[in-house]
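Single-structure report; data block below.
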Amino acid sequence: MIEICHLSKKFGKLEVLNDVSLNCAPGQCIALIGPNGCGKTTLIKSILGMVIPTAGTIFFKDKNISRDFHYRHMIGYMPQKGRYPDNMTIGQVIEMIKDIRGNEEKLDEQLIEDFGLNEILDKRMRTLSGGTTQKVSASLAFLFNPEVLILDEPTAGLDPLAAEILKEKIIAENKKGRLIFITSHLLSELDDLVTHVVLMQEGEIKFHMPTSTLKDQTKTTSLAKAITYVLKNDHVQ
Amino acid sequence: MFNKIQRFIVADILKNRIVLAYTLLLAVLSWSVFSLEDDSHKGILTLLNIVLLTTPLVSIIFTTIYLYNSAEFIELLLSQPIRRRKIWNGLFFGLFFSLALAFFIGAGIPIVLFVPVQTALILVIMGTLITAVFVALGFLCAILSRDKARGIGVAILLWLFFSLLFDGLVLFLLFQFSDYPIEKAMVGVSALNPIDLARIFIILQLDVSAMLGYTGAIFKDFFGTVAGTGIGFALLCMWIIVPYLASLRMFVRKDL
């Protein structure tokens, strides 16, 4: 569904992505992990068209995404730190994005309800706490039933209850055959969510494999242990 | 009239306290100038100087700060299926429309009430054009540097340059070359400063250009004609279009 071919990105002299190739199919829930500054966010932003690659191409459903924007109708993105116009209320922000997307298909307002955003629709964005802003971001990402979901640190800043609601939603969407990208540093949290793991280091993809294979190869039971094992021994194929 | 993005940005800015304060400031200044001064010509001159100082300042600084503060919002829009060009255009028209509206409500209404129609028209048009010029320059400042402090610094410097330093330089040149016939060259030099262009247009309306001496006569000869007026307007429009298109070009290629 998403095919990344020999993608490179340089910021000045700094090489953030170095010849990255990745092929993602629907139904995969991919954990994108790696140390800080390894290029995770740059990779995500390249898929979203926010970062323009130095070399390489990205295909979305076999169509080159450069200079295109229609494909973003099929993507829901939850940024690491969402910020919205200060003076707008939650309701207005949701209305605005609905208006911009203009999808007439049925909307998925489950998260808006589950997070209790319906009761605070007239609160201004300026007055919201970090966690509540995250809830708005999450609700917006899922609102349009997108085929691809890109979640950058989705549970950071959410209270345990909200994080649980979000996780259940992610699992449910994944079961519907959606392709989901998650970046997170909380490996334990990813364990019951993801089906595949992509490990990035210094702008390169170390491996992309199903979690079960990774656990088998490292003879471990949890994702956290498996990754620690890989980082220490560095010999997974 | 507006597309969706423009509508939302206008709604957001119109509720902004700085824009409200700006409207109020212009209103208080204009009403008091016209109420205290019986001769509307003198009132216009006073107002002209106030407007040509505050409008560029508020337009360029507010635009730059607003763009920096909307960085994440722009990111959110970018992740939606919208063309980049459309986002930037939406921001420009949103900011321009709101600030121009603030100018019109604050200064435009008293001007229309107290000043003869033709002069009032020129004053309002010039105020609007100057707003657009400095909004466009604000866009350029905001896109040139990732660093907020530096961007706002550049914006303040640009305003300082066009409002004060430029005139100082011109005066310096006038004194240095006073033995030569440089009056015609002055017309060309004035085109390099949008504020001066606007000032000349308005002063020529007031029949006080005699105060400018021989240079004023040259200005009147040039800008007083239809062709001169056309060229002056075109130059002011260039001051809007060139900085804006440059910023648009950079925005389309920017990594966010």
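Following the order of the structure tokens, chains are lettered A, B, ..., residues in each are numbered from 1, and ligands are numbered from 1.
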Exercise answer, chain B residues close to chain A, 7 Å and only C-alpha atoms, as JSON, numbers by chain = {"B": [4, 12, 15, 70, 72, 73, 78, 79, 80, 81, 82, 83, 255, 256]}
Okay, now the selection with C-alpha atoms, as an mmCIF file, in the first residue's frame?
```
data_model
loop_
_atom_site.group_PDB
_atom_site.id
_atom_site.type_symbol
_atom_site.label_atom_id
_atom_site.label_comp_id
_atom_site.auth_asym_id
_atom_site.auth_seq_id
_atom_site.Cartn_x
_atom_site.Cartn_y
_atom_site.Cartn_z
ATOM 1 C CA LYS B 4 -12.748 27.654 4.158
ATOM 2 C CA ASP B 12 -9.476 33.580 14.552
ATOM 3 C CA LYS B 15 -11.005 37.776 18.025
ATOM 4 C CA SER B 70 0.713 29.078 13.653
ATOM 5 C CA GLU B 72 1.879 23.736 14.306
ATOM 6 C CA PHE B 73 -1.443 24.734 12.861
ATOM 7 C CA LEU B 78 -0.377 20.210 5.687
ATOM 8 C CA SER B 79 -1.283 16.720 6.862
ATOM 9 C CA GLN B 80 -4.740 17.280 5.408
ATOM 10 C CA PRO B 81 -5.448 16.921 1.707
ATOM 11 C CA ILE B 82 -4.809 20.536 0.771
ATOM 12 C CA ARG B 83 -2.359 22.094 -1.647
ATOM 13 C CA ASP B 255 10.459 21.054 5.004
ATOM 14 C CA LEU B 256 8.156 21.297 7.960
#
```
query = Which residues come within 9 Å of B:Trp31, counting only C-alpha atoms, excluding same-chain residues fewer than 5 positions away, as a ChimeraX atom specification?
reply = /B:26,36,106-107,110-111
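Coordinates place atom CA of A:Lys169 at a distance of 22.1 Å from atom CA of A:Ala224.
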